[in-house]
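**Q** This one is run_1.pdb, PDB, C-alpha atoms and all ligand atoms.
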```pdb
MODEL        1
ATOM      1  CA  MET C 297     -15.634 -25.617  -8.510  1.00  0.00           C
ATOM      2  CA  SER C 298     -14.879 -22.027  -9.522  1.00  0.00           C
ATOM      3  CA  ASN C 299     -16.957 -20.348 -12.170  1.00  0.00           C
ATOM      4  CA  ALA C 300     -18.064 -16.929 -13.351  1.00  0.00           C
ATOM      5  CA  SER C 301     -21.504 -15.877 -14.551  1.00  0.00           C
ATOM      6  CA  PRO C 302     -21.458 -14.025 -17.900  1.00  0.00           C
ATOM      7  CA  GLU C 303     -23.444 -10.928 -16.882  1.00  0.00           C
ATOM      8  CA  PRO C 304     -23.599  -9.123 -13.580  1.00  0.00           C
ATOM      9  CA  SER C 305     -26.951  -9.219 -11.935  1.00  0.00           C
ATOM     10  CA  ARG C 306     -28.025  -6.031 -10.182  1.00  0.00           C
ATOM     11  CA  SER C 307     -31.118  -4.067  -9.421  1.00  0.00           C
ATOM     12  CA  SER C 308     -30.912  -0.397 -10.307  1.00  0.00           C
ATOM     13  CA  ALA C 309     -27.261   0.680 -10.273  1.00  0.00           C
ATOM     14  CA  PRO C 310     -27.298   3.678 -12.619  1.00  0.00           C
ATOM     15  CA  ASP C 311     -23.955   3.568 -14.347  1.00  0.00           C
ATOM     16  CA  TRP C 312     -22.138   0.443 -13.336  1.00  0.00           C
ATOM     17  CA  SER C 313     -21.100  -0.485 -16.871  1.00  0.00           C
ATOM     18  CA  LYS C 314     -18.982   2.660 -17.214  1.00  0.00           C
ATOM     19  CA  ASP C 315     -17.650   2.202 -13.676  1.00  0.00           C
ATOM     20  CA  SER C 316     -16.834  -1.453 -14.255  1.00  0.00           C
ATOM     21  CA  ARG C 317     -14.886  -0.619 -17.437  1.00  0.00           C
ATOM     22  CA  PHE C 318     -12.424   1.377 -15.333  1.00  0.00           C
ATOM     23  CA  TRP C 319     -11.811  -1.713 -13.196  1.00  0.00           C
ATOM     24  CA  ASP C 320     -11.654  -4.013 -16.235  1.00  0.00           C
ATOM     25  CA  LYS C 321      -8.826  -1.866 -17.610  1.00  0.00           C
ATOM     26  CA  THR C 322      -7.052  -1.850 -14.257  1.00  0.00           C
ATOM     27  CA  ALA C 323      -7.417  -5.563 -13.470  1.00  0.00           C
ATOM     28  CA  ARG C 324      -4.117  -6.950 -14.840  1.00  0.00           C
ATOM     29  CA  LYS C 325      -2.087  -4.167 -13.250  1.00  0.00           C
ATOM     30  CA  TYR C 326      -4.026  -4.576  -9.996  1.00  0.00           C
ATOM     31  CA  ALA C 327      -3.303  -8.311  -9.964  1.00  0.00           C
ATOM     32  CA  ALA C 328       0.413  -7.726 -10.591  1.00  0.00           C
ATOM     33  CA  SER C 329       0.853  -4.986  -7.959  1.00  0.00           C
ATOM     34  CA  PRO C 330       2.326  -5.988  -4.612  1.00  0.00           C
ATOM     35  CA  ILE C 331       0.094  -5.482  -1.564  1.00  0.00           C
ATOM     36  CA  LYS C 332       0.728  -1.911  -0.367  1.00  0.00           C
ATOM     37  CA  ASN C 333       0.925  -2.663   3.352  1.00  0.00           C
ATOM     38  CA  ALA C 334       1.490  -6.364   3.977  1.00  0.00           C
ATOM     39  CA  ASN C 335       1.224  -6.029   7.775  1.00  0.00           C
ATOM     40  CA  ALA C 336      -2.121  -4.243   7.600  1.00  0.00           C
ATOM     41  CA  TYR C 337      -3.396  -6.837   5.119  1.00  0.00           C
ATOM     42  CA  GLN C 338      -2.317  -9.709   7.397  1.00  0.00           C
ATOM     43  CA  GLN C 339      -3.998  -7.934  10.322  1.00  0.00           C
ATOM     44  CA  THR C 340      -7.215  -7.670   8.285  1.00  0.00           C
ATOM     45  CA  LEU C 341      -7.128 -11.383   7.443  1.00  0.00           C
ATOM     46  CA  ASP C 342      -6.443 -12.369  11.074  1.00  0.00           C
ATOM     47  CA  HIS C 343      -9.164 -10.076  12.371  1.00  0.00           C
ATOM     48  CA  THR C 344     -11.670 -11.460   9.861  1.00  0.00           C
ATOM     49  CA  ARG C 345     -10.737 -15.075  10.667  1.00  0.00           C
ATOM     50  CA  ARG C 346     -11.873 -14.553  14.263  1.00  0.00           C
ATOM     51  CA  TYR C 347     -15.435 -14.457  12.934  1.00  0.00           C
ATOM     52  CA  LEU C 348     -15.196 -17.444  10.560  1.00  0.00           C
ATOM     53  CA  SER C 349     -16.094 -21.085  11.237  1.00  0.00           C
ATOM     54  CA  PRO C 350     -15.489 -24.186   9.103  1.00  0.00           C
ATOM     55  CA  SER C 351     -19.204 -24.649   8.331  1.00  0.00           C
ATOM     56  CA  ASP C 352     -19.758 -21.034   7.216  1.00  0.00           C
ATOM     57  CA  ARG C 353     -21.010 -19.852   3.839  1.00  0.00           C
ATOM     58  CA  VAL C 354     -19.527 -16.471   2.945  1.00  0.00           C
ATOM     59  CA  LEU C 355     -20.309 -13.808   0.345  1.00  0.00           C
ATOM     60  CA  GLU C 356     -17.575 -11.353  -0.650  1.00  0.00           C
ATOM     61  CA  VAL C 357     -18.499  -8.249  -2.654  1.00  0.00           C
ATOM     62  CA  GLY C 358     -16.011  -6.172  -4.650  1.00  0.00           C
ATOM     63  CA  CYS C 359     -13.615  -9.120  -4.395  1.00  0.00           C
ATOM     64  CA  GLY C 360     -11.242  -7.861  -7.106  1.00  0.00           C
ATOM     65  CA  THR C 361      -8.989 -10.704  -8.264  1.00  0.00           C
ATOM     66  CA  GLY C 362     -10.071 -12.890  -5.359  1.00  0.00           C
ATOM     67  CA  SER C 363      -6.838 -12.875  -3.319  1.00  0.00           C
ATOM     68  CA  THR C 364      -8.656 -12.500   0.005  1.00  0.00           C
ATOM     69  CA  ALA C 365     -11.331 -15.079  -0.799  1.00  0.00           C
ATOM     70  CA  LEU C 366      -8.663 -17.617  -1.813  1.00  0.00           C
ATOM     71  CA  LEU C 367      -6.671 -17.010   1.397  1.00  0.00           C
ATOM     72  CA  LEU C 368      -9.784 -17.358   3.578  1.00  0.00           C
ATOM     73  CA  ALA C 369     -11.140 -20.389   1.690  1.00  0.00           C
ATOM     74  CA  PRO C 370      -9.524 -22.979   4.038  1.00  0.00           C
ATOM     75  CA  ASP C 371     -11.284 -21.354   7.021  1.00  0.00           C
ATOM     76  CA  VAL C 372     -14.871 -21.820   5.778  1.00  0.00           C
ATOM     77  CA  ALA C 373     -17.155 -24.199   3.879  1.00  0.00           C
ATOM     78  CA  HIS C 374     -17.768 -21.996   0.843  1.00  0.00           C
ATOM     79  CA  ILE C 375     -17.163 -18.474  -0.487  1.00  0.00           C
ATOM     80  CA  THR C 376     -19.097 -16.754  -3.268  1.00  0.00           C
ATOM     81  CA  ALA C 377     -16.681 -14.058  -4.466  1.00  0.00           C
ATOM     82  CA  THR C 378     -18.334 -11.321  -6.529  1.00  0.00           C
ATOM     83  CA  ASP C 379     -17.282  -8.230  -8.417  1.00  0.00           C
ATOM     84  CA  PHE C 380     -18.803  -6.250 -11.287  1.00  0.00           C
ATOM     85  CA  SER C 381     -15.576  -6.355 -13.308  1.00  0.00           C
ATOM     86  CA  ALA C 382     -15.436  -9.316 -15.694  1.00  0.00           C
ATOM     87  CA  GLU C 383     -11.641  -8.982 -15.923  1.00  0.00           C
ATOM     88  CA  MET C 384     -11.176  -9.108 -12.149  1.00  0.00           C
ATOM     89  CA  ILE C 385     -13.423 -12.167 -11.974  1.00  0.00           C
ATOM     90  CA  ALA C 386     -11.569 -13.905 -14.831  1.00  0.00           C
ATOM     91  CA  ILE C 387      -8.266 -13.488 -12.975  1.00  0.00           C
ATOM     92  CA  GLY C 388      -9.868 -14.807  -9.773  1.00  0.00           C
ATOM     93  CA  VAL C 389     -11.172 -17.889 -11.576  1.00  0.00           C
ATOM     94  CA  ALA C 390      -7.708 -18.566 -13.046  1.00  0.00           C
ATOM     95  CA  LYS C 391      -6.020 -18.169  -9.641  1.00  0.00           C
ATOM     96  CA  ALA C 392      -8.505 -20.535  -7.968  1.00  0.00           C
ATOM     97  CA  SER C 393      -7.837 -23.110 -10.647  1.00  0.00           C
ATOM     98  CA  GLU C 394      -4.021 -22.735 -10.365  1.00  0.00           C
ATOM     99  CA  GLN C 395      -4.208 -22.997  -6.580  1.00  0.00           C
ATOM    100  CA  GLN C 396      -6.674 -25.922  -6.832  1.00  0.00           C
ATOM    101  CA  ILE C 397      -9.127 -24.239  -4.489  1.00  0.00           C
ATOM    102  CA  ASP C 398     -12.553 -25.716  -5.060  1.00  0.00           C
ATOM    103  CA  ASN C 399     -14.744 -24.024  -2.428  1.00  0.00           C
ATOM    104  CA  VAL C 400     -14.690 -20.527  -3.962  1.00  0.00           C
ATOM    105  CA  ASP C 401     -17.161 -19.676  -6.718  1.00  0.00           C
ATOM    106  CA  PHE C 402     -16.689 -16.411  -8.602  1.00  0.00           C
ATOM    107  CA  ALA C 403     -19.607 -14.468 -10.062  1.00  0.00           C
ATOM    108  CA  ARG C 404     -20.083 -11.071 -11.641  1.00  0.00           C
ATOM    109  CA  ALA C 405     -22.409  -8.964  -9.532  1.00  0.00           C
ATOM    110  CA  ALA C 406     -22.811  -5.209  -9.261  1.00  0.00           C
ATOM    111  CA  LEU C 407     -23.761  -3.470  -6.039  1.00  0.00           C
ATOM    112  CA  PRO C 408     -26.589  -2.806  -5.331  1.00  0.00           C
ATOM    113  CA  ASN C 409     -27.890  -6.279  -6.078  1.00  0.00           C
ATOM    114  CA  ASP C 410     -31.274  -7.695  -5.146  1.00  0.00           C
ATOM    115  CA  ASP C 411     -30.674 -11.130  -6.601  1.00  0.00           C
ATOM    116  CA  TRP C 412     -28.802 -12.729  -3.728  1.00  0.00           C
ATOM    117  CA  GLN C 413     -30.786 -15.312  -1.855  1.00  0.00           C
ATOM    118  CA  ASN C 414     -32.272 -13.954   1.383  1.00  0.00           C
ATOM    119  CA  GLU C 415     -30.583 -14.988   4.639  1.00  0.00           C
ATOM    120  CA  ALA C 416     -28.120 -17.228   2.805  1.00  0.00           C
ATOM    121  CA  TYR C 417     -24.740 -16.187   4.246  1.00  0.00           C
ATOM    122  CA  ASP C 418     -23.086 -16.424   7.665  1.00  0.00           C
ATOM    123  CA  GLU C 419     -20.651 -13.622   6.854  1.00  0.00           C
ATOM    124  CA  ILE C 420     -20.484 -10.978   4.150  1.00  0.00           C
ATOM    125  CA  LEU C 421     -17.144  -9.309   3.388  1.00  0.00           C
ATOM    126  CA  ALA C 422     -16.444  -6.001   1.614  1.00  0.00           C
ATOM    127  CA  PHE C 423     -12.812  -4.909   1.595  1.00  0.00           C
ATOM    128  CA  ASN C 424     -11.787  -1.615  -0.031  1.00  0.00           C
ATOM    129  CA  ALA C 425     -15.048  -1.556  -1.951  1.00  0.00           C
ATOM    130  CA  LEU C 426     -17.872   0.381  -0.214  1.00  0.00           C
ATOM    131  CA  HIS C 427     -16.412   3.827  -1.020  1.00  0.00           C
ATOM    132  CA  LEU C 428     -16.676   2.901  -4.717  1.00  0.00           C
ATOM    133  CA  VAL C 429     -20.415   2.208  -4.667  1.00  0.00           C
ATOM    134  CA  ARG C 430     -22.796   4.920  -5.911  1.00  0.00           C
ATOM    135  CA  GLU C 431     -25.935   3.693  -4.127  1.00  0.00           C
ATOM    136  CA  LEU C 432     -24.472   2.729  -0.789  1.00  0.00           C
ATOM    137  CA  GLU C 433     -27.765   2.666   1.129  1.00  0.00           C
ATOM    138  CA  ALA C 434     -29.412   0.336  -1.381  1.00  0.00           C
ATOM    139  CA  ALA C 435     -26.282  -1.825  -1.507  1.00  0.00           C
ATOM    140  CA  LEU C 436     -26.185  -2.216   2.282  1.00  0.00           C
ATOM    141  CA  GLY C 437     -29.902  -2.974   2.376  1.00  0.00           C
ATOM    142  CA  ALA C 438     -29.381  -5.797  -0.119  1.00  0.00           C
ATOM    143  CA  LEU C 439     -26.431  -7.157   1.887  1.00  0.00           C
ATOM    144  CA  HIS C 440     -28.497  -7.034   5.080  1.00  0.00           C
ATOM    145  CA  ARG C 441     -31.195  -9.140   3.405  1.00  0.00           C
ATOM    146  CA  ALA C 442     -28.637 -11.659   2.158  1.00  0.00           C
ATOM    147  CA  LEU C 443     -27.114 -12.187   5.614  1.00  0.00           C
ATOM    148  CA  LYS C 444     -28.506 -14.818   8.014  1.00  0.00           C
ATOM    149  CA  PRO C 445     -29.890 -13.443  11.292  1.00  0.00           C
ATOM    150  CA  GLY C 446     -26.956 -13.428  13.720  1.00  0.00           C
ATOM    151  CA  GLY C 447     -24.494 -13.176  10.823  1.00  0.00           C
ATOM    152  CA  VAL C 448     -21.804 -10.524  10.492  1.00  0.00           C
ATOM    153  CA  PHE C 449     -20.930  -8.001   7.827  1.00  0.00           C
ATOM    154  CA  ILE C 450     -17.187  -7.258   7.879  1.00  0.00           C
ATOM    155  CA  SER C 451     -15.863  -4.329   5.882  1.00  0.00           C
ATOM    156  CA  LYS C 452     -12.787  -2.180   5.521  1.00  0.00           C
ATOM    157  CA  THR C 453     -13.381   1.121   3.767  1.00  0.00           C
ATOM    158  CA  VAL C 454     -11.240   4.083   2.815  1.00  0.00           C
ATOM    159  CA  CYS C 455     -12.941   7.237   4.155  1.00  0.00           C
ATOM    160  CA  LEU C 456     -11.277   9.974   2.128  1.00  0.00           C
ATOM    161  CA  ALA C 457     -13.339  12.815   3.636  1.00  0.00           C
ATOM    162  CA  GLU C 458     -11.542  12.175   6.947  1.00  0.00           C
ATOM    163  CA  GLN C 459      -8.440  13.540   5.237  1.00  0.00           C
ATOM    164  CA  THR C 460     -10.031  16.417   3.358  1.00  0.00           C
ATOM    165  CA  ARG C 461     -13.119  17.087   1.259  1.00  0.00           C
ATOM    166  CA  LEU C 462     -10.730  18.844  -1.124  1.00  0.00           C
ATOM    167  CA  TRP C 463     -10.272  15.419  -2.720  1.00  0.00           C
ATOM    168  CA  ALA C 464     -13.456  16.104  -4.678  1.00  0.00           C
ATOM    169  CA  LEU C 465     -11.894  18.342  -7.325  1.00  0.00           C
ATOM    170  CA  PRO C 466      -8.740  16.329  -8.131  1.00  0.00           C
ATOM    171  CA  LEU C 467     -10.813  13.132  -8.147  1.00  0.00           C
ATOM    172  CA  SER C 468     -13.343  14.606 -10.582  1.00  0.00           C
ATOM    173  CA  LEU C 469     -10.537  15.691 -12.902  1.00  0.00           C
ATOM    174  CA  MET C 470      -8.846  12.303 -12.685  1.00  0.00           C
ATOM    175  CA  ARG C 471     -12.180  10.617 -13.430  1.00  0.00           C
ATOM    176  CA  LEU C 472     -12.707  12.833 -16.471  1.00  0.00           C
ATOM    177  CA  LEU C 473      -9.293  11.766 -17.750  1.00  0.00           C
ATOM    178  CA  GLY C 474     -10.007   8.117 -16.981  1.00  0.00           C
ATOM    179  CA  PHE C 475      -7.380   7.867 -14.232  1.00  0.00           C
ATOM    180  CA  ALA C 476      -9.742   7.357 -11.294  1.00  0.00           C
ATOM    181  CA  PRO C 477     -12.971   5.440 -10.637  1.00  0.00           C
ATOM    182  CA  TYR C 478     -16.124   6.829  -9.026  1.00  0.00           C
ATOM    183  CA  VAL C 479     -15.308   7.468  -5.331  1.00  0.00           C
ATOM    184  CA  ASN C 480     -17.769   8.388  -2.593  1.00  0.00           C
ATOM    185  CA  LEU C 481     -16.027  10.775  -0.172  1.00  0.00           C
ATOM    186  CA  LEU C 482     -17.077   9.286   3.156  1.00  0.00           C
ATOM    187  CA  THR C 483     -16.378  10.187   6.759  1.00  0.00           C
ATOM    188  CA  PHE C 484     -16.309   7.456   9.424  1.00  0.00           C
ATOM    189  CA  ALA C 485     -19.577   8.883  10.776  1.00  0.00           C
ATOM    190  CA  ASP C 486     -21.264   8.793   7.307  1.00  0.00           C
ATOM    191  CA  LEU C 487     -20.213   5.213   6.811  1.00  0.00           C
ATOM    192  CA  GLU C 488     -21.230   3.989  10.257  1.00  0.00           C
ATOM    193  CA  GLN C 489     -24.564   5.828  10.049  1.00  0.00           C
ATOM    194  CA  THR C 490     -25.336   4.245   6.657  1.00  0.00           C
ATOM    195  CA  ILE C 491     -24.411   0.774   7.902  1.00  0.00           C
ATOM    196  CA  SER C 492     -26.597   1.223  11.006  1.00  0.00           C
ATOM    197  CA  SER C 493     -29.496   2.599   8.948  1.00  0.00           C
ATOM    198  CA  ALA C 494     -29.464  -0.561   6.856  1.00  0.00           C
ATOM    199  CA  GLY C 495     -30.342  -2.480  10.046  1.00  0.00           C
ATOM    200  CA  PHE C 496     -26.930  -3.642  11.230  1.00  0.00           C
ATOM    201  CA  ARG C 497     -25.663  -3.262  14.794  1.00  0.00           C
ATOM    202  CA  ILE C 498     -22.042  -2.110  14.754  1.00  0.00           C
ATOM    203  CA  GLU C 499     -20.063  -4.393  17.026  1.00  0.00           C
ATOM    204  CA  GLU C 500     -16.478  -3.304  16.447  1.00  0.00           C
ATOM    205  CA  THR C 501     -14.612  -0.533  14.658  1.00  0.00           C
ATOM    206  CA  GLU C 502     -10.896  -0.141  14.207  1.00  0.00           C
ATOM    207  CA  LEU C 503      -8.559   2.097  12.254  1.00  0.00           C
ATOM    208  CA  TYR C 504      -6.177   0.472   9.839  1.00  0.00           C
ATOM    209  CA  PRO C 505      -3.332   1.974   7.832  1.00  0.00           C
ATOM    210  CA  PRO C 506      -3.666   4.134   5.872  1.00  0.00           C
ATOM    211  CA  PRO C 507      -5.144   5.888   8.906  1.00  0.00           C
ATOM    212  CA  ILE C 508      -8.361   6.682   7.064  1.00  0.00           C
ATOM    213  CA  SER C 509      -9.244   3.020   6.495  1.00  0.00           C
ATOM    214  CA  ARG C 510     -12.128   1.947   8.761  1.00  0.00           C
ATOM    215  CA  PHE C 511     -12.536  -1.744   9.679  1.00  0.00           C
ATOM    216  CA  ILE C 512     -16.118  -2.385  10.824  1.00  0.00           C
ATOM    217  CA  VAL C 513     -17.822  -5.509  12.096  1.00  0.00           C
ATOM    218  CA  ALA C 514     -21.618  -5.147  12.042  1.00  0.00           C
ATOM    219  CA  ARG C 515     -24.121  -7.795  13.093  1.00  0.00           C
ATOM    220  CA  LYS C 516     -27.626  -8.590  11.833  1.00  0.00           C
ATOM    221  CA  ASP C 517     -29.586  -9.305  15.022  1.00  0.00           C
TER
HETATM  222  C1  LIG C 601      -9.955  -1.370  -4.706  1.00  0.00           C
HETATM  223  S1  LIG C 601     -10.563  -2.856  -5.432  1.00  0.00           S
HETATM  224  C2  LIG C 601     -10.548  -3.921  -3.992  1.00  0.00           C
HETATM  225  C3  LIG C 601     -10.481  -5.375  -4.367  1.00  0.00           C
HETATM  226  C4  LIG C 601     -10.337  -6.308  -3.165  1.00  0.00           C
HETATM  227  N1  LIG C 601     -11.520  -6.322  -2.338  1.00  0.00           N
HETATM  228  C5  LIG C 601      -9.127  -5.908  -2.354  1.00  0.00           C
HETATM  229  O1  LIG C 601      -9.271  -5.485  -1.197  1.00  0.00           O
HETATM  230  O2  LIG C 601      -8.018  -6.034  -2.897  1.00  0.00           O
HETATM  231  C6  LIG C 601     -12.297  -2.506  -5.580  1.00  0.00           C
HETATM  232  C7  LIG C 601     -13.078  -3.577  -6.316  1.00  0.00           C
HETATM  233  O3  LIG C 601     -14.465  -3.277  -6.174  1.00  0.00           O
HETATM  234  C8  LIG C 601     -15.115  -3.500  -7.419  1.00  0.00           C
HETATM  235  N2  LIG C 601     -16.308  -2.639  -7.442  1.00  0.00           N
HETATM  236  C9  LIG C 601     -16.348  -1.282  -7.412  1.00  0.00           C
HETATM  237  N3  LIG C 601     -17.613  -0.847  -7.436  1.00  0.00           N
HETATM  238  C10 LIG C 601     -18.402  -1.955  -7.489  1.00  0.00           C
HETATM  239  C11 LIG C 601     -19.812  -2.156  -7.556  1.00  0.00           C
HETATM  240  N4  LIG C 601     -20.671  -1.150  -7.552  1.00  0.00           N
HETATM  241  N5  LIG C 601     -20.276  -3.420  -7.609  1.00  0.00           N
HETATM  242  C12 LIG C 601     -19.403  -4.475  -7.585  1.00  0.00           C
HETATM  243  N6  LIG C 601     -18.064  -4.347  -7.544  1.00  0.00           N
HETATM  244  C13 LIG C 601     -17.564  -3.096  -7.484  1.00  0.00           C
HETATM  245  C14 LIG C 601     -14.056  -3.158  -8.466  1.00  0.00           C
HETATM  246  O4  LIG C 601     -14.302  -3.809  -9.685  1.00  0.00           O
HETATM  247  C15 LIG C 601     -12.770  -3.638  -7.797  1.00  0.00           C
HETATM  248  O5  LIG C 601     -12.468  -4.954  -8.157  1.00  0.00           O
ENDMDL
END
```
Could you render the structure from this file as structure tokens?
**A**
Amino acid sequence: MSNASPEPSRSSAPDWSKDSRFWDKTARKYAASPIKNANAYQQTLDHTRRYLSPSDRVLEVGCGTGSTALLLAPDVAHITATDFSAEMIAIGVAKASEQQIDNVDFARAALPNDDWQNEAYDEILAFNALHLVRELEAALGALHRALKPGGVFISKTVCLAEQTRLWALPLSLMRLLGFAPYVNLLTFADLEQTISSAGFRIEETELYPPPISRFIVARKD
């Protein structure tokens, strides 16, 4: 059954309601836009599937309209697909119903979030989401707690600071005008260091197009 909780649960995210409004406004357009690089997306799905088993319980964070969760649903027992945008979640719920997929539950949840059950998931997925989180360390700590020992955290993250830190000014202006969300300008090293500091052991890294997109598989030992 697919469902959505009415309010996002979260611990101390400072300004998620303003951030989530940006994504609420974007949701319909996001859902209607074609995937930018279909080959890279297929590669991401295939790479992720190597870690999935039919009995697995999966948590996805920043799931958007749920496209990835719905495509991976046949590979696992259950997916909890979460996002702090009510509009994104509503579209995900509708798509699951249309596609008659009954092993994906949608829920609103903001990162960081301390409400997930400890050691409940075999895999946690975060695609194109970590660079949008204000309190990345706290968010990763919460995800580490939610993962079963031996489980893997699989993420793909745009690291804009690999291109140039000069993104900061145009992004701030675009945010002021409401054309851009909050974005954390990360380098690969920043991201990997923060994931490791949360207690994960990085097992694999790969570059995906655009060339500043880092795919990381990190295990909880
Ligand atoms: C670029 S979209 C990516 C959606 C999907 N994972 C994909 O790859 O198509 C980023 C998503 O992360 C969500 N998001 C951003 N910051 C978040 C936060 N702090 N907590 C939960 N969701 C967040 C947004 O609402 C949006 O749906």
**Q** Which residues sit within 9 Å of ligand LIG 601 (chain C), counting all atoms listed in the file, listed as a ChimeraX atom specification?
**A** /C:304,306,309,311-312,315-320,322-323,326-327,331,337,356-365,378-385,404-409,421-432,435,452,477-479
**Q** Can you spell out as a list of chain:residue names the set of residues that the PyMOL selection byres (((chain C and resi 445) around 10) and not hetatm) selects in the structure I just provided?
**A**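 That selection, the PyMOL selection byres (((chain C and resi 445) around 10) and not hetatm), comes back as C:Glu415, C:Ala416, C:Tyr417, C:Asp418, C:His440, C:Arg441, C:Ala442, C:Leu443, C:Lys444, C:Gly446, C:Gly447, C:Val448, C:Arg515, C:Lys516, C:Asp517.
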**Q** Can I get the selected residues back with C-alpha atoms, as a PDB file, keeping the file's coordinate frame?
**A**
```
ATOM      1  CA  GLU C 415     -30.583 -14.988   4.639  1.00  0.00           C
ATOM      2  CA  ALA C 416     -28.120 -17.228   2.805  1.00  0.00           C
ATOM      3  CA  TYR C 417     -24.740 -16.187   4.246  1.00  0.00           C
ATOM      4  CA  ASP C 418     -23.086 -16.424   7.665  1.00  0.00           C
ATOM      5  CA  HIS C 440     -28.497  -7.034   5.080  1.00  0.00           C
ATOM      6  CA  ARG C 441     -31.195  -9.140   3.405  1.00  0.00           C
ATOM      7  CA  ALA C 442     -28.637 -11.659   2.158  1.00  0.00           C
ATOM      8  CA  LEU C 443     -27.114 -12.187   5.614  1.00  0.00           C
ATOM      9  CA  LYS C 444     -28.506 -14.818   8.014  1.00  0.00           C
ATOM     10  CA  GLY C 446     -26.956 -13.428  13.720  1.00  0.00           C
ATOM     11  CA  GLY C 447     -24.494 -13.176  10.823  1.00  0.00           C
ATOM     12  CA  VAL C 448     -21.804 -10.524  10.492  1.00  0.00           C
ATOM     13  CA  ARG C 515     -24.121  -7.795  13.093  1.00  0.00           C
ATOM     14  CA  LYS C 516     -27.626  -8.590  11.833  1.00  0.00           C
ATOM     15  CA  ASP C 517     -29.586  -9.305  15.022  1.00  0.00           C
TER      16      ASP C 517
END
```
**Q** Rounded to one decimal in Å, what is the spacing between atom CA of Gly474 of chain C and atom CA of Ala457 of chain C?
**A**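 Between these atoms lies a distance of 21.4 Å.
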**Q** Taking the file as shown, what set of residues would the PyMOL selection byres (((chain C and resi 390) around 12) and not hetatm) give back, as a ChimeraX atom specification?
**A** /C:297-300,327,361-363,366,383-389,391-398,400-402
**Q** Run through the PyMOL selection byres (((chain C and resi 347) around 12) and not hetatm) on the given coordinates and return the selected residues as a PyMOL selection string.
**A** chain C and resi 340-346+348-354+368+371-372+418-421+446-450+499-500+513-515
**Q** Atom CA of Arg461 of chain C and atom CA of Ile498 of chain C, how far apart in Å?
**A**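 We find that atom CA of Ile498 of chain C and atom CA of Arg461 of chain C lie 25.1 Å from each other.
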**Q** Please determine, counting all atoms listed in the file, which residue among C:Thr453, C:Asn399, C:Asn414, C:Gln338 has the shortest atom-to-atom distance to Glu502 of chain C.
**A**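 Checking each of C:Thr453, C:Asn399, C:Asn414, C:Gln338 against Glu502 of chain C, counting all atoms listed in the file, the winner is C:Thr453.
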**Q** Suppose you want the space between atom CA of Trp463 of chain C and atom CA of Phe475 of chain C; what is it in Å?
**A**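 Separation between atom CA of Trp463 of chain C and atom CA of Phe475 of chain C: 14.1 Å.
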**Q** Out of C:Ala434, C:Val454, C:Leu462, C:Leu467, which residue has the shortest atom-to-atom distance to Thr483 of chain C when counting all atoms listed in the file?
**A**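 Looking at the shortest contact to Thr483 of chain C, the residue is C:Val454.
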**Q** Find the residue from C:Ala476, C:Gln339, C:Phe511, C:Ala438 that sits nearest to Gly495 of chain C; use all atoms listed in the file when measuring.
**A**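 Residue with the minimum atom-to-atom distance to Gly495 of chain C: C:Ala438.
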**Q** Considering all atoms listed in the file, can you say which of C:Leu472, C:Leu439, C:Leu487, C:Leu367 comes closest to Trp412 of chain C?
**A**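 Going through C:Leu472, C:Leu439, C:Leu487, C:Leu367 one by one, the smallest distance to Trp412 of chain C is for C:Leu439.
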